[in-house]
$ cat start17.cif   # mmCIF, C-alpha atoms
data_final
#
loop_
_atom_site.group_PDB
_atom_site.id
_atom_site.type_symbol
_atom_site.label_atom_id
_atom_site.label_comp_id
_atom_site.auth_asym_id
_atom_site.auth_seq_id
_atom_site.Cartn_x
_atom_site.Cartn_y
_atom_site.Cartn_z
ATOM 1 C CA MET A 1 -14.662 14.914 -11.710
ATOM 2 C CA VAL A 2 -16.480 16.083 -14.838
ATOM 3 C CA THR A 3 -17.942 13.550 -17.258
ATOM 4 C CA LEU A 4 -17.491 14.110 -20.979
ATOM 5 C CA GLY A 5 -20.317 14.192 -23.487
ATOM 6 C CA ASP A 6 -20.525 11.680 -26.328
ATOM 7 C CA ALA A 7 -19.268 14.172 -28.932
ATOM 8 C CA GLU A 8 -16.338 15.183 -26.695
ATOM 9 C CA VAL A 9 -15.363 11.543 -26.218
ATOM 10 C CA ASP A 10 -15.619 10.773 -29.928
ATOM 11 C CA ARG A 11 -13.475 13.809 -30.810
ATOM 12 C CA ALA A 12 -10.867 12.906 -28.199
ATOM 13 C CA LEU A 13 -10.653 9.293 -29.400
ATOM 14 C CA ALA A 14 -10.235 10.392 -33.010
ATOM 15 C CA ALA A 15 -7.744 13.167 -32.237
ATOM 16 C CA ALA A 16 -5.515 10.845 -30.215
ATOM 17 C CA GLY A 17 -5.886 7.924 -32.640
ATOM 18 C CA LEU A 18 -7.079 5.671 -29.824
ATOM 19 C CA ARG A 19 -8.435 2.225 -30.689
ATOM 20 C CA TRP A 20 -11.385 2.372 -28.307
ATOM 21 C CA GLU A 21 -15.072 2.881 -28.944
ATOM 22 C CA ARG A 22 -17.782 4.453 -26.855
ATOM 23 C CA ARG A 23 -20.329 1.804 -25.927
ATOM 24 C CA ASP A 24 -23.029 1.867 -23.245
ATOM 25 C CA GLY A 25 -21.494 4.837 -21.448
ATOM 26 C CA ALA A 26 -17.955 3.450 -21.326
ATOM 27 C CA LEU A 27 -14.819 3.163 -23.422
ATOM 28 C CA VAL A 28 -14.519 -0.391 -24.727
ATOM 29 C CA ARG A 29 -11.718 -2.172 -26.513
ATOM 30 C CA GLN A 30 -10.855 -5.744 -27.332
ATOM 31 C CA TRP A 31 -7.316 -7.042 -27.508
ATOM 32 C CA ARG A 32 -6.602 -10.376 -29.122
ATOM 33 C CA GLY A 33 -3.343 -12.246 -28.659
ATOM 34 C CA PRO A 34 -2.017 -15.596 -29.829
ATOM 35 C CA ASP A 35 -3.103 -17.564 -26.739
ATOM 36 C CA PHE A 36 -4.286 -17.464 -23.120
ATOM 37 C CA ALA A 37 -0.784 -16.899 -21.733
ATOM 38 C CA ALA A 38 -0.349 -13.801 -23.906
ATOM 39 C CA ALA A 39 -3.726 -12.481 -22.750
ATOM 40 C CA LEU A 40 -2.738 -12.969 -19.110
ATOM 41 C CA ALA A 41 0.619 -11.282 -19.684
ATOM 42 C CA HIS A 42 -1.174 -8.290 -21.227
ATOM 43 C CA VAL A 43 -3.496 -8.126 -18.200
ATOM 44 C CA VAL A 44 -0.433 -7.889 -15.946
ATOM 45 C CA ARG A 45 0.974 -5.011 -18.033
ATOM 46 C CA ILE A 46 -2.413 -3.254 -17.905
ATOM 47 C CA GLY A 47 -2.576 -3.860 -14.154
ATOM 48 C CA VAL A 48 0.735 -2.102 -13.590
ATOM 49 C CA LEU A 49 -0.527 0.959 -15.499
ATOM 50 C CA ALA A 50 -3.872 0.885 -13.713
ATOM 51 C CA GLU A 51 -2.265 0.743 -10.269
ATOM 52 C CA ALA A 52 0.050 3.636 -11.125
ATOM 53 C CA ALA A 53 -2.943 5.676 -12.355
ATOM 54 C CA GLY A 54 -5.178 4.698 -9.455
ATOM 55 C CA HIS A 55 -7.829 3.870 -12.042
ATOM 56 C CA HIS A 56 -8.824 0.339 -13.001
ATOM 57 C CA PRO A 57 -10.559 -1.045 -16.097
ATOM 58 C CA ASP A 58 -13.106 -3.816 -16.032
ATOM 59 C CA ILE A 59 -11.367 -6.773 -17.697
ATOM 60 C CA ASP A 60 -12.988 -9.865 -19.186
ATOM 61 C CA ILE A 61 -10.707 -12.684 -20.384
ATOM 62 C CA ARG A 62 -11.924 -15.272 -22.898
ATOM 63 C CA TRP A 63 -9.008 -17.524 -23.875
ATOM 64 C CA ASN A 64 -6.901 -15.208 -26.099
ATOM 65 C CA THR A 65 -9.237 -12.201 -26.055
ATOM 66 C CA LEU A 66 -9.482 -9.406 -23.509
ATOM 67 C CA THR A 67 -12.411 -7.036 -23.381
ATOM 68 C CA LEU A 68 -11.496 -3.858 -21.555
ATOM 69 C CA ARG A 69 -14.054 -1.358 -20.276
ATOM 70 C CA LEU A 70 -13.165 2.045 -18.850
ATOM 71 C CA VAL A 71 -15.608 4.299 -17.027
ATOM 72 C CA THR A 72 -15.241 6.480 -13.962
ATOM 73 C CA HIS A 73 -17.964 4.937 -11.820
ATOM 74 C CA SER A 74 -17.726 7.634 -9.147
ATOM 75 C CA ALA A 75 -18.421 10.325 -11.776
ATOM 76 C CA GLY A 76 -21.099 8.338 -13.571
ATOM 77 C CA GLY A 77 -19.477 8.385 -16.990
ATOM 78 C CA ILE A 78 -16.381 8.777 -19.125
ATOM 79 C CA THR A 79 -13.805 11.288 -17.888
ATOM 80 C CA GLU A 80 -10.360 12.517 -18.891
ATOM 81 C CA GLN A 81 -8.984 9.870 -16.521
ATOM 82 C CA ASP A 82 -10.512 7.149 -18.718
ATOM 83 C CA LEU A 83 -9.057 8.672 -21.879
ATOM 84 C CA ALA A 84 -5.610 8.935 -20.291
ATOM 85 C CA LEU A 85 -5.613 5.293 -19.213
ATOM 86 C CA ALA A 86 -6.947 4.231 -22.634
ATOM 87 C CA ALA A 87 -3.998 6.004 -24.277
ATOM 88 C CA ALA A 88 -1.529 4.348 -21.905
ATOM 89 C CA ILE A 89 -3.038 0.914 -22.593
ATOM 90 C CA ASP A 90 -2.894 1.494 -26.353
ATOM 91 C CA ALA A 91 0.799 2.322 -26.008
ATOM 92 C CA LEU A 92 1.409 -1.177 -24.569
ATOM 93 C CA ASP A 93 0.566 -2.948 -27.817
ATOM 94 C CA LEU A 94 3.855 -4.268 -29.123
ATOM 95 C CA GLU A 95 2.601 -6.744 -31.721
ATOM 96 C CA PRO A 96 1.311 -5.242 -34.979
ATOM 97 C CA GLY A 97 -2.389 -5.927 -35.369
ATOM 98 C CA ALA A 98 -2.719 -7.425 -31.881
ATOM 99 C CA GLY A 99 -5.334 -4.951 -30.711
ATOM 100 C CA VAL A 100 -8.851 -5.128 -32.064
ATOM 101 C CA ALA A 101 -11.263 -2.282 -31.328
ATOM 102 C CA GLY A 102 -14.890 -3.115 -30.727
ATOM 103 C CA GLY A 103 -15.983 -6.704 -30.964
ATOM 104 C CA SER A 104 -14.456 -7.805 -34.249
#

$ encode --input "start17.cif" --output "structure tokens"
Amino acid sequence: MVTLGDAEVDRALAAAGLRWERRDGALVRQWRGPDFAAALAHVVRIGVLAEAAGHHPDIDIRWNTLTLRLVTHSAGGITEQDLALAAAIDALDLEPGAGVAGGS
């Protein structure tokens, strides 16, 4: 699997309107919900997508906030597989303003 360069990743994120950022060699996104239960429910929805794709994000849960990190470890960087899963995860957001890119 071919890794993408920084400029390729940035162009792909912008072109697709994805709410992820490139940080430390991975795609990173935060999602903030109203409470812990909503965060857990979102993890389950992400898990279903990840299993179907055979590609799994690193997920950190802090009360109502998820930090998601996508990188193809076997390739040593960001690949098209990461971008595809990022797009699928973005499509899950049902609540306006629920997703927060980066750390803010």

$ resolve_selection --input "start17.cif" --expression "the PyMOL selection byres ((chain A and resi 3) around 12)" --output "PyMOL selection string"
chain A and resi 1-2+4-9+25-26+71-83

$ resolve_selection --input "start17.cif" --expression "the PyMOL selection byres ((chain A and resi 55-59) around 6)" --output "ChimeraX atom specification"
/A:50,53-54,60,67-70

$ write_last_selection --input "start17.cif" --atoms "C-alpha atoms" --output "PDB file, in the frame of the given file"
ATOM      1  CA  ALA A  50      -3.872   0.885 -13.713  1.00  0.00           C
ATOM      2  CA  ALA A  53      -2.943   5.676 -12.355  1.00  0.00           C
ATOM      3  CA  GLY A  54      -5.178   4.698  -9.455  1.00  0.00           C
ATOM      4  CA  ASP A  60     -12.988  -9.865 -19.186  1.00  0.00           C
ATOM      5  CA  THR A  67     -12.411  -7.036 -23.381  1.00  0.00           C
ATOM      6  CA  LEU A  68     -11.496  -3.858 -21.555  1.00  0.00           C
ATOM      7  CA  ARG A  69     -14.054  -1.358 -20.276  1.00  0.00           C
ATOM      8  CA  LEU A  70     -13.165   2.045 -18.850  1.00  0.00           C
TER       9      LEU A  70
END

$ atom_distance --input "start17.cif" --atom1 "CA of Gly17 (chain A)" --atom2 "CA of Ala87 (chain A)"
8.8 Å

$ closest_residue --input "start17.cif" --among "A:Asn64, A:Ala14, A:Arg32, A:Leu85" --to "Glu51 (chain A)" --atoms "all atoms listed in the file"
A:Leu85

$ closest_residue --input "start17.cif" --among "A:Leu40, A:Leu18, A:Leu13, A:Leu27" --to "Ala88 (chain A)" --atoms "only C-alpha atoms"
A:Leu18

$ resolve_selection --input "start17.cif" --expression "the PyMOL selection byres ((chain A and resi 65) around 7)" --output "ChimeraX atom specification"
/A:30-33,39,61-64,66-67

$ write_last_selection --input "start17.cif" --atoms "C-alpha atoms" --output "CSV table (one decimal), keeping the file's coordinate frame"
chain,number,residue,atom,x,y,z
A,30,GLN,CA,-10.9,-5.7,-27.3
A,31,TRP,CA,-7.3,-7.0,-27.5
A,32,ARG,CA,-6.6,-10.4,-29.1
A,33,GLY,CA,-3.3,-12.2,-28.7
A,39,ALA,CA,-3.7,-12.5,-22.8
A,61,ILE,CA,-10.7,-12.7,-20.4
A,62,ARG,CA,-11.9,-15.3,-22.9
A,63,TRP,CA,-9.0,-17.5,-23.9
A,64,ASN,CA,-6.9,-15.2,-26.1
A,66,LEU,CA,-9.5,-9.4,-23.5
A,67,THR,CA,-12.4,-7.0,-23.4

$ atom_distance --input "start17.cif" --atom1 "CA of Gly47 (chain A)" --atom2 "CA of Glu21 (chain A)"
20.5 Å

$ atom_distance --input "start17.cif" --atom1 "CA of Ala15 (chain A)" --atom2 "CA of Val44 (chain A)"
27.6 Å

$ axis_aligned_box --input "start17.cif" --around "region 3-21 of chain A" --padding-each-side "4 Å" --output "AutoDock Vina command-line options"
--center_x -13.0 --center_y 8.7 --center_z -25.1 --size_x 23.0 --size_y 21.0 --size_z 23.8

$ residues_around --input "start17.cif" --residues "Ile89 (chain A)" --least-positions-apart "4" --cutoff "8 Å" --atoms "only C-alpha atoms" --output "count of residues only"
4

$ closest_residue --input "start17.cif" --among "A:Ala37, A:Val48, A:Val43, A:Ala86" --to "Arg22 (chain A)" --atoms "only C-alpha atoms"
A:Ala86

$ closest_residue --input "start17.cif" --among "A:Ala41, A:Ala16, A:Ala52, A:Arg23" --to "Asp90 (chain A)" --atoms "all atoms listed in the file"
A:Ala16
